[in-house]
$ cat query14.cif   # mmCIF, C-alpha atoms and all ligand atoms
data_work
#
loop_
_atom_site.label_atom_id
_atom_site.label_comp_id
_atom_site.auth_asym_id
_atom_site.auth_seq_id
_atom_site.Cartn_x
_atom_site.Cartn_y
_atom_site.Cartn_z
CA MET X 140 6.82 -6.29 10.66
CA LYS X 141 4.65 -9.24 11.57
CA ALA X 142 3.65 -10.50 15.02
CA ASN X 143 2.43 -13.89 16.08
CA ILE X 144 0.75 -14.69 19.40
CA LEU X 145 -0.29 -18.16 20.53
CA VAL X 146 -3.57 -18.55 22.40
CA GLN X 147 -3.89 -21.68 24.53
CA SER X 148 -7.39 -22.98 25.18
CA SER X 149 -8.87 -26.26 26.37
CA ALA X 150 -9.85 -27.10 22.78
CA ASN X 151 -6.68 -26.12 20.92
CA THR X 152 -3.72 -23.76 20.67
CA TYR X 153 -4.04 -21.30 17.80
CA SER X 154 -2.09 -18.41 16.39
CA VAL X 155 -3.11 -14.80 16.01
CA SER X 156 -1.07 -13.38 13.15
CA ILE X 157 -0.87 -9.59 12.99
CA GLY X 158 0.65 -7.57 10.18
CA HIS X 159 0.08 -5.58 7.02
CA SER X 160 -1.03 -7.58 3.94
CA VAL X 161 -0.56 -10.89 5.73
CA LEU X 162 -3.86 -12.46 4.65
CA GLU X 163 -2.44 -13.90 1.40
CA THR X 164 0.31 -15.94 3.07
CA GLU X 165 -1.71 -16.88 6.16
CA ILE X 166 -4.69 -18.23 4.16
CA LYS X 167 -2.35 -20.16 1.88
CA ALA X 168 -0.47 -21.59 4.88
CA PHE X 169 -3.70 -22.64 6.61
CA PHE X 170 -5.02 -24.54 3.59
CA ASP X 171 -1.59 -26.02 2.75
CA ASP X 172 -1.75 -27.69 6.17
CA SER X 173 -5.28 -28.95 5.56
CA SER X 174 -6.77 -31.65 3.36
CA VAL X 175 -9.74 -29.39 2.52
CA ARG X 176 -9.75 -27.02 -0.49
CA GLU X 177 -13.10 -25.34 0.05
CA CYS X 178 -14.66 -23.02 2.59
CA PHE X 179 -17.58 -20.80 3.43
CA ILE X 180 -16.98 -17.09 3.90
CA LEU X 181 -19.27 -14.88 5.98
CA ILE X 182 -18.42 -11.33 5.06
CA ASP X 183 -19.59 -7.96 6.34
CA GLU X 184 -21.31 -6.09 3.51
CA ASN X 185 -19.00 -3.05 3.69
CA VAL X 186 -15.86 -5.17 3.78
CA GLY X 187 -17.14 -7.01 0.71
CA LYS X 188 -17.65 -3.70 -1.11
CA HIS X 189 -14.17 -2.38 -0.32
CA HIS X 190 -12.08 -5.55 -0.39
CA GLY X 191 -14.08 -8.04 -2.50
CA LYS X 192 -11.67 -8.02 -5.44
CA ARG X 193 -8.60 -8.54 -3.29
CA LEU X 194 -10.30 -11.37 -1.37
CA LYS X 195 -11.40 -13.17 -4.54
CA LYS X 196 -7.83 -12.98 -5.83
CA ILE X 197 -6.42 -14.37 -2.58
CA PHE X 198 -8.70 -17.42 -2.58
CA ASP X 199 -8.41 -17.97 -6.35
CA ASN X 200 -4.60 -17.83 -6.17
CA ALA X 201 -4.60 -20.29 -3.27
CA LYS X 202 -6.97 -22.52 -5.31
CA ILE X 203 -9.66 -22.57 -2.62
CA ASP X 204 -13.31 -22.89 -3.66
CA PHE X 205 -15.36 -20.49 -1.60
CA THR X 206 -19.05 -19.81 -1.16
CA SER X 207 -19.76 -16.47 0.43
CA PHE X 208 -22.70 -15.05 2.32
CA VAL X 209 -22.99 -11.34 3.05
CA ILE X 210 -23.83 -10.17 6.57
CA PRO X 211 -25.64 -6.80 6.68
CA GLU X 212 -23.84 -4.16 8.71
CA GLY X 213 -25.09 -3.21 12.16
CA GLU X 214 -25.91 -4.76 15.50
CA LYS X 215 -29.23 -6.06 14.12
CA SER X 216 -27.23 -8.82 12.42
CA LYS X 217 -26.47 -10.31 15.84
CA SER X 218 -30.01 -11.65 15.92
CA ILE X 219 -31.73 -15.01 16.07
CA GLU X 220 -33.19 -14.28 12.62
CA GLN X 221 -29.78 -13.60 11.01
CA TRP X 222 -28.28 -16.65 12.75
CA SER X 223 -31.13 -18.78 11.41
CA ARG X 224 -30.79 -17.34 7.86
CA THR X 225 -27.04 -18.05 7.93
CA LEU X 226 -27.58 -21.64 9.09
CA ASP X 227 -30.13 -22.10 6.26
CA PHE X 228 -27.54 -20.87 3.77
CA LEU X 229 -24.79 -23.21 5.00
CA LEU X 230 -27.04 -26.27 5.24
CA GLN X 231 -28.68 -25.65 1.87
CA ASN X 232 -25.21 -25.30 0.30
CA GLY X 233 -23.81 -28.59 1.58
CA VAL X 234 -21.68 -27.63 4.59
CA ARG X 235 -19.76 -30.58 6.04
CA ARG X 236 -18.15 -31.16 9.46
CA ASN X 237 -14.69 -30.34 8.08
CA THR X 238 -15.61 -27.30 5.93
CA PRO X 239 -13.93 -24.21 7.40
CA LEU X 240 -16.05 -21.13 7.98
CA ILE X 241 -14.09 -17.91 7.51
CA SER X 242 -15.48 -14.80 9.15
CA ILE X 243 -14.32 -11.58 7.49
CA GLY X 244 -15.59 -8.49 9.30
CA GLY X 245 -15.79 -6.71 12.60
CA GLY X 246 -17.11 -7.83 15.97
CA ILE X 247 -20.70 -8.26 14.79
CA THR X 248 -19.82 -10.55 11.90
CA GLY X 249 -17.27 -12.40 14.05
CA ASP X 250 -19.60 -12.99 16.98
CA LEU X 251 -22.39 -14.19 14.69
CA ALA X 252 -20.05 -16.34 12.55
CA GLY X 253 -18.52 -17.86 15.68
CA PHE X 254 -21.92 -18.91 16.99
CA VAL X 255 -22.91 -20.24 13.56
CA ALA X 256 -19.67 -22.27 13.43
CA ALA X 257 -20.28 -23.54 16.97
CA SER X 258 -23.85 -24.62 16.30
CA VAL X 259 -24.01 -25.95 12.74
CA LEU X 260 -23.40 -29.73 12.65
CA ARG X 261 -22.31 -29.34 16.32
CA GLY X 262 -19.23 -27.40 15.27
CA ILE X 263 -17.15 -26.73 12.14
CA PRO X 264 -13.64 -25.20 11.89
CA LEU X 265 -13.62 -21.41 12.29
CA ILE X 266 -11.08 -18.84 11.06
CA GLN X 267 -11.48 -15.26 12.23
CA VAL X 268 -10.30 -12.48 9.92
CA PRO X 269 -11.08 -9.34 11.94
CA THR X 270 -11.27 -6.18 9.85
CA THR X 271 -11.76 -3.54 12.57
CA VAL X 272 -9.47 -2.40 15.36
CA LEU X 273 -11.99 -3.60 17.95
CA ALA X 274 -12.25 -7.08 16.46
CA MET X 275 -8.46 -7.36 16.07
CA VAL X 276 -7.70 -6.57 19.71
CA ASP X 277 -10.67 -8.22 21.37
CA SER X 278 -13.68 -9.96 19.87
CA SER X 279 -11.91 -12.26 17.39
CA VAL X 280 -9.68 -13.75 20.12
CA GLY X 281 -10.71 -15.94 23.04
CA GLY X 282 -13.72 -17.85 21.75
CA LYS X 283 -16.69 -15.80 22.92
CA THR X 284 -19.38 -16.08 20.27
CA GLY X 285 -23.00 -15.06 20.35
CA ILE X 286 -26.01 -13.05 19.37
CA ASN X 287 -28.36 -10.68 21.16
CA HIS X 288 -31.82 -11.35 22.56
CA GLN X 289 -34.53 -8.73 22.93
CA THR X 290 -33.86 -8.77 26.68
CA GLY X 291 -30.15 -7.97 26.34
CA LYS X 292 -26.84 -8.18 24.55
CA ASN X 293 -24.95 -11.45 23.95
CA LEU X 294 -27.47 -13.49 25.91
CA ILE X 295 -27.35 -16.42 23.46
CA GLY X 296 -23.98 -17.92 22.56
CA ALA X 297 -21.17 -20.36 23.20
CA PHE X 298 -17.47 -20.47 23.95
CA TYR X 299 -16.02 -21.69 20.66
CA GLN X 300 -12.37 -21.18 19.79
CA PRO X 301 -11.20 -20.43 16.25
CA GLN X 302 -8.47 -22.49 14.54
CA LYS X 303 -6.68 -19.31 13.56
CA VAL X 304 -7.01 -15.51 13.71
CA ILE X 305 -5.52 -13.34 10.96
CA ALA X 306 -5.41 -9.62 11.78
CA ASP X 307 -4.39 -7.91 8.55
CA ILE X 308 -4.19 -4.17 9.14
CA GLU X 309 -4.57 -3.51 5.40
CA PHE X 310 -8.33 -3.78 6.09
CA LEU X 311 -8.11 -0.74 8.37
CA GLU X 312 -7.28 1.50 5.39
CA SER X 313 -10.99 1.62 4.44
CA LEU X 314 -12.22 1.85 8.04
CA PRO X 315 -13.87 5.19 8.93
CA ARG X 316 -12.21 7.19 11.71
CA LYS X 317 -15.19 6.61 14.01
CA GLU X 318 -14.53 2.85 13.83
CA TRP X 319 -10.87 3.31 14.76
CA ILE X 320 -11.97 5.25 17.83
CA ASN X 321 -14.50 2.52 18.58
CA GLY X 322 -11.59 0.07 18.81
CA LEU X 323 -9.44 2.46 20.82
CA SER X 324 -11.75 1.93 23.82
CA GLU X 325 -10.93 -1.78 24.02
CA ILE X 326 -7.22 -0.97 23.66
CA LEU X 327 -7.48 1.49 26.57
CA LYS X 328 -9.29 -1.22 28.54
CA TYR X 329 -6.21 -3.49 28.31
CA GLY X 330 -4.10 -0.55 29.41
CA ALA X 331 -6.36 0.10 32.38
CA ILE X 332 -6.46 -3.48 33.63
CA SER X 333 -2.99 -4.67 32.77
CA ASP X 334 -0.33 -2.56 31.06
CA SER X 335 0.15 1.20 31.52
CA THR X 336 2.36 1.46 28.41
CA ILE X 337 -0.65 0.51 26.30
CA ILE X 338 -2.42 3.70 27.45
CA GLU X 339 0.67 5.82 26.81
CA ARG X 340 1.27 4.31 23.36
CA SER X 341 -2.41 4.80 22.43
CA SER X 342 -1.52 8.48 21.87
CA ILE X 343 -0.90 7.43 18.26
CA PHE X 344 -4.69 7.73 17.89
CA PHE X 345 -4.31 11.52 18.13
CA GLU X 346 -2.71 11.46 14.66
CA GLU X 347 -4.67 13.99 12.58
CA ASP X 348 -5.16 11.57 9.71
CA ILE X 349 -5.82 8.35 11.56
CA HIS X 350 -5.03 6.30 8.48
CA SER X 351 -1.43 7.55 8.64
CA ILE X 352 -0.70 5.98 12.02
CA GLU X 353 2.69 4.35 11.81
CA LYS X 354 2.12 0.69 10.91
CA ASP X 355 4.71 -0.92 13.18
CA SER X 356 3.52 1.05 16.24
CA LEU X 357 -0.03 -0.10 15.54
CA ILE X 358 0.99 -3.72 15.01
CA ARG X 359 2.93 -3.65 18.32
CA LEU X 360 -0.05 -2.13 20.12
CA ILE X 361 -2.44 -4.77 18.75
CA GLU X 362 0.13 -7.46 19.59
CA ASP X 363 0.37 -6.31 23.21
CA CYS X 364 -3.43 -6.19 23.62
CA VAL X 365 -3.76 -9.69 22.19
CA SER X 366 -0.95 -10.88 24.52
CA VAL X 367 -2.85 -9.57 27.55
CA LYS X 368 -5.98 -11.32 26.33
CA ALA X 369 -4.15 -14.59 25.52
CA ASP X 370 -2.69 -14.60 29.02
CA ILE X 371 -6.10 -14.09 30.62
CA VAL X 372 -7.82 -16.69 28.41
CA LYS X 373 -5.10 -19.22 29.26
CA LYS X 374 -5.77 -18.70 32.98
CA ASP X 375 -9.57 -18.53 32.80
CA GLU X 376 -11.09 -19.49 29.46
CA PHE X 377 -14.68 -19.80 30.71
CA GLU X 378 -14.78 -16.64 32.85
CA GLY X 379 -14.90 -18.15 36.31
CA GLY X 380 -12.38 -15.58 37.55
CA VAL X 381 -9.88 -13.19 35.97
CA ARG X 382 -11.45 -13.17 32.49
CA ALA X 383 -14.17 -10.97 34.01
CA TYR X 384 -11.53 -8.19 34.13
CA LEU X 385 -11.98 -7.92 30.35
CA ASN X 386 -15.49 -6.65 31.09
CA PHE X 387 -14.14 -3.46 32.66
CA GLY X 388 -16.58 -0.70 31.62
CA HIS X 389 -18.92 -3.20 29.98
CA THR X 390 -21.68 -3.39 32.63
CA PHE X 391 -22.40 0.31 32.14
CA ALA X 392 -21.79 0.01 28.38
CA HIS X 393 -24.23 -2.81 27.73
CA ALA X 394 -27.01 -1.01 29.63
CA LEU X 395 -26.31 2.21 27.71
CA GLU X 396 -26.37 0.39 24.38
CA LYS X 397 -29.68 -1.21 25.29
CA ALA X 398 -31.20 2.09 26.45
CA THR X 399 -30.31 3.62 23.07
CA ASN X 400 -31.67 0.64 21.10
CA PHE X 401 -28.18 -0.43 19.98
CA ASP X 402 -28.15 2.27 17.32
CA GLU X 403 -27.28 5.66 18.85
CA ILE X 404 -23.94 4.65 20.31
CA SER X 405 -21.35 2.11 19.20
CA HIS X 406 -20.05 -0.58 21.54
CA GLY X 407 -16.63 1.04 21.81
CA GLU X 408 -18.04 4.48 22.53
CA ALA X 409 -20.23 2.95 25.23
CA VAL X 410 -17.21 1.11 26.69
CA PHE X 411 -15.24 4.36 26.90
CA LEU X 412 -18.03 6.02 28.88
CA GLY X 413 -18.55 2.81 30.86
CA MET X 414 -14.90 2.83 31.96
CA LEU X 415 -15.21 6.44 33.15
CA ALA X 416 -18.38 5.53 35.07
CA ALA X 417 -16.67 2.47 36.57
CA ILE X 418 -13.80 4.70 37.76
CA ASN X 419 -16.35 7.10 39.27
CA LEU X 420 -17.95 4.17 41.12
CA SER X 421 -14.49 2.92 42.19
CA LYS X 422 -13.79 6.33 43.76
CA SER X 423 -17.20 6.40 45.47
CA LEU X 424 -16.39 3.05 47.06
CA GLY X 425 -13.11 4.38 48.44
CA TYR X 426 -10.57 3.11 45.89
CA THR X 427 -7.80 5.54 44.99
CA ILE X 428 -7.83 6.15 41.26
CA ASP X 429 -7.48 9.28 39.14
CA ASP X 430 -9.27 9.14 35.78
CA ALA X 431 -6.91 11.64 34.06
CA PRO X 432 -4.99 9.09 31.91
CA LEU X 433 -8.30 7.95 30.40
CA LYS X 434 -9.99 11.36 30.28
CA LYS X 435 -7.12 12.53 28.06
CA PHE X 436 -8.74 10.56 25.20
CA ARG X 437 -12.21 12.14 25.64
CA PRO X 438 -11.68 14.72 22.81
CA LEU X 439 -11.36 11.86 20.31
CA TYR X 440 -14.99 10.82 20.89
CA ASN X 441 -18.15 12.43 19.52
CA PHE X 442 -21.30 11.19 21.20
CA ASN X 443 -24.64 11.65 19.54
CA ILE X 444 -27.11 10.60 22.21
CA ASN X 445 -30.20 12.29 23.53
CA ALA X 446 -29.02 12.44 27.16
CA GLU X 447 -32.39 13.72 28.37
CA ALA X 448 -34.04 10.46 27.31
CA LEU X 449 -31.82 8.47 29.70
CA ASP X 450 -33.26 7.56 33.07
CA THR X 451 -30.97 6.16 35.78
CA ASP X 452 -33.58 3.76 37.24
CA THR X 453 -34.19 2.20 33.82
CA LEU X 454 -30.43 1.97 33.19
CA ILE X 455 -29.93 0.20 36.52
CA GLN X 456 -32.78 -2.17 35.64
CA TYR X 457 -30.99 -2.97 32.36
CA MET X 458 -27.77 -3.67 34.27
CA LYS X 459 -29.66 -6.20 36.33
CA SER X 460 -30.63 -8.16 33.22
CA ASP X 461 -26.98 -8.32 32.11
CA LYS X 462 -25.76 -11.90 32.17
CA LYS X 463 -22.90 -11.07 34.52
CA MET X 464 -25.37 -10.42 37.33
CA ILE X 465 -25.34 -12.73 40.32
CA ASP X 466 -28.60 -12.50 42.38
CA SER X 467 -30.18 -9.04 42.60
CA ASP X 468 -26.98 -7.03 43.17
CA ILE X 469 -24.86 -5.91 40.26
CA ARG X 470 -21.30 -7.11 39.77
CA PHE X 471 -18.77 -4.57 38.50
CA ILE X 472 -15.16 -4.59 37.47
CA LEU X 473 -13.63 -1.65 39.32
CA LEU X 474 -10.11 -0.29 39.65
CA ASP X 475 -8.26 -0.26 42.95
CA GLY X 476 -5.59 1.85 41.24
CA TRP X 477 -4.47 1.63 37.61
CA GLN X 478 -3.78 -1.93 36.45
CA HIS X 479 -5.43 -3.30 39.61
CA PRO X 480 -8.88 -4.53 38.59
CA VAL X 481 -11.21 -5.95 41.23
CA VAL X 482 -14.54 -7.72 40.91
CA LYS X 483 -17.06 -6.16 43.26
CA THR X 484 -20.73 -6.76 43.90
CA VAL X 485 -22.32 -3.41 44.66
CA ASN X 486 -25.67 -3.01 46.38
CA GLU X 487 -25.53 0.76 47.08
CA GLN X 488 -27.98 1.91 44.40
CA GLU X 489 -27.28 5.57 45.13
CA LEU X 490 -23.60 5.16 44.21
CA ILE X 491 -24.52 3.41 40.95
CA SER X 492 -27.01 6.22 40.18
CA LYS X 493 -24.27 8.75 40.89
CA ALA X 494 -21.95 7.02 38.42
CA TRP X 495 -24.74 7.07 35.80
CA LEU X 496 -25.35 10.79 36.37
CA TYR X 497 -21.63 11.39 35.94
CA LEU X 498 -21.67 9.38 32.68
CA ILE X 499 -24.74 11.24 31.36
CA HIS X 500 -23.03 14.54 32.17
CA GLU X 501 -20.09 13.43 29.98
CA LEU X 502 -22.31 13.09 26.88
N1 LIG X 601 -14.54 -9.35 25.28
C1 LIG X 601 -14.36 -9.90 26.55
C2 LIG X 601 -13.90 -11.33 26.52
O1 LIG X 601 -13.59 -11.87 25.48
O2 LIG X 601 -13.88 -11.94 27.56
#
$ encode --input "query14.cif" --output "structure tokens" --more "lines below"
Ligand code: GLY
Amino acid sequence: MKANILVQSSANTYSVSIGHSVLETEIKAFFDDSSVRECFILIDENVGKHHGKRLKKIFDNAKIDFTSFVIPEGEKSKSIEQWSRTLDFLLQNGVRRNTPLISIGGGITGDLAGFVAASVLRGIPLIQVPTTVLAMVDSSVGGKTGINHQTGKNLIGAFYQPQKVIADIEFLESLPRKEWINGLSEILKYGAISDSTIIERSSIFFEEDIHSIEKDSLIRLIEDCVSVKADIVKKDEFEGGVRAYLNFGHTFAHALEKATNFDEISHGEAVFLGMLAAINLSKSLGYTIDDAPLKKFRPLYNFNINAEALDTDTLIQYMKSDKKMIDSDIRFILLDGWQHPVVKTVNEQELISKAWLYLIHEL
């Protein structure tokens, strides 16, 4: 089965194609509609190792000249230095305003590639080929691009929409289990803010061999997450309102990632804990919400953090440097019941500390 979702933005309307082994036909179709027969590819180093041969064949068969540049794995690639190195590569290799840039990788490669595409020559066409669950359901869609600064995550970037997103689940066959679970958190986020069936259907992640998850169920799940996101982006592309709901769990998560130097916990793992902490804070503020539907997924996660090194005052300080902060109070996405997100500025430090202590206890 194959799914196709349209995302409407102020710049364009583009399709997100989801399926197994769809890259061949989707790449061919994109270039058949274009006058250009060349492109740049930014590829995650691990994806290149596992899928390089297949990718070369796809572009050779479609008669597309490509020049590729490998992006080292890890959050450190979302840096000013890596952005600058990538711009050097494109400019030294003759990039033009109409040369498409194809990002093939997870959220790190996609966020970096998106910001490179937005900034080189004031913008070149961008195609996102997400290769992780997380990138398929979230980061490749909606136009958020960016890199990190030493003071915090995603503090440098731009809204820049791709021309097309191709989510080919064949890439997931080489993805380690831990990365599947990383993506599960963002799937659960859509369930929490918008669609309870998404949480119920996420039980497929309990499959003993995660690579044997039934393909059509997975494609439908990704499709439904992307539909929720497309709907939100259509209403609020630049995050003046409802798009903030997509940050459910992320205020806690970003601070936790920063406190562990972006290398002890993955983004998805941090988002899972962040959602539990946000529910704890929701309850402290009087909202009625039971965390059981989310807690059910806790056994799928293995955290490897030195909890004793975490200090709630420092974590709260990190939250205050998050870009979603308005004045000195911290803005959270909370739940006033399942599928009822609310944006709330919280100034009761003791309740935020309590939520952090709860989160640290979960580690
Ligand atoms: N990942 C959150 C957003 O795209 O708004």
$ residues_around --input "query14.cif" --residues "Phe471 of chain X" --least-positions-apart "6" --cutoff "7 Å" --atoms "only C-alpha atoms" --output "PyMOL selection string"
chain X and resi 390+482-484
$ residues_near_point --input "query14.cif" --point "(-11.7, -16.8, 11.6)" --cutoff "7 Å" --atoms "all atoms listed in the file" --output "mmCIF file with C-alpha atoms, keeping the file's coordinate frame"
data_model
loop_
_atom_site.group_PDB
_atom_site.id
_atom_site.type_symbol
_atom_site.label_atom_id
_atom_site.label_comp_id
_atom_site.auth_asym_id
_atom_site.auth_seq_id
_atom_site.Cartn_x
_atom_site.Cartn_y
_atom_site.Cartn_z
ATOM 1 C CA ILE X 241 -14.090 -17.910 7.510
ATOM 2 C CA SER X 242 -15.480 -14.800 9.150
ATOM 3 C CA LEU X 265 -13.620 -21.410 12.290
ATOM 4 C CA ILE X 266 -11.080 -18.840 11.060
ATOM 5 C CA GLN X 267 -11.480 -15.260 12.230
ATOM 6 C CA VAL X 268 -10.300 -12.480 9.920
ATOM 7 C CA PRO X 301 -11.200 -20.430 16.250
ATOM 8 C CA LYS X 303 -6.680 -19.310 13.560
ATOM 9 C CA VAL X 304 -7.010 -15.510 13.710
#
$ closest_residue --input "query14.cif" --among "X:Val481, X:Val161, X:Leu415, X:Leu385" --to "ligand LIG 601 (chain X)" --atoms "only C-alpha atoms and all ligand atoms"
X:Leu385
$ residues_around --input "query14.cif" --residues "Glu346 of chain X" --least-positions-apart "3" --cutoff "12 Å" --atoms "only C-alpha atoms" --output "number ranges by chain"
X: 316, 319-320, 340-343, 349-353, 357, 439
$ closest_residue --input "query14.cif" --among "X:Ile444, X:Ile337, X:Ile247, X:Leu498" --to "Ala392 of chain X" --atoms "only C-alpha atoms"
X:Leu498
$ residues_around --input "query14.cif" --residues "Ala448 of chain X" --least-positions-apart "2" --cutoff "9 Å" --atoms "all atoms listed in the file" --output "list in words"
Ala398, Thr399, Ile444, Asn445, Ala446 and Asp450 of chain X
$ atom_distance --input "query14.cif" --atom1 "atom CA of Gly379 of chain X" --atom2 "atom CA of Arg261 of chain X"
24.1 Å
$ axis_aligned_box --input "query14.cif" --around "segment 165-177 of chain X" --padding-each-side "6 Å" --output "JSON"
{"center_x": -6.8, "center_y": -24.3, "center_z": 3.1, "size_x": 24.6, "size_y": 26.8, "size_z": 19.1}
$ residues_near_ligand --input "query14.cif" --ligand "ligand LIG 601 (chain X)" --cutoff "12 Å" --atoms "all atoms listed in the file" --output "PyMOL selection string"
chain X and resi 246+249-250+273-285+293+297-300+322+324-326+328-329+364-365+367-390+393+406-407+410+463
$ atom_distance --input "query14.cif" --atom1 "atom CA of Thr152 of chain X" --atom2 "atom CA of Ile203 of chain X"
24.1 Å
$ atom_distance --input "query14.cif" --atom1 "atom CA of His189 of chain X" --atom2 "atom CA of Gly233 of chain X"
28.0 Å
$ residues_around --input "query14.cif" --residues "segment 421-423 of chain X" --least-positions-apart "5" --cutoff "7 Å" --atoms "all atoms listed in the file" --output "PyMOL selection string"
chain X and resi 428+473-474+490
$ closest_residue --input "query14.cif" --among "X:Ser216, X:Thr270, X:Ser366, X:Thr238" --to "Ser160 of chain X" --atoms "all atoms listed in the file"
X:Thr270
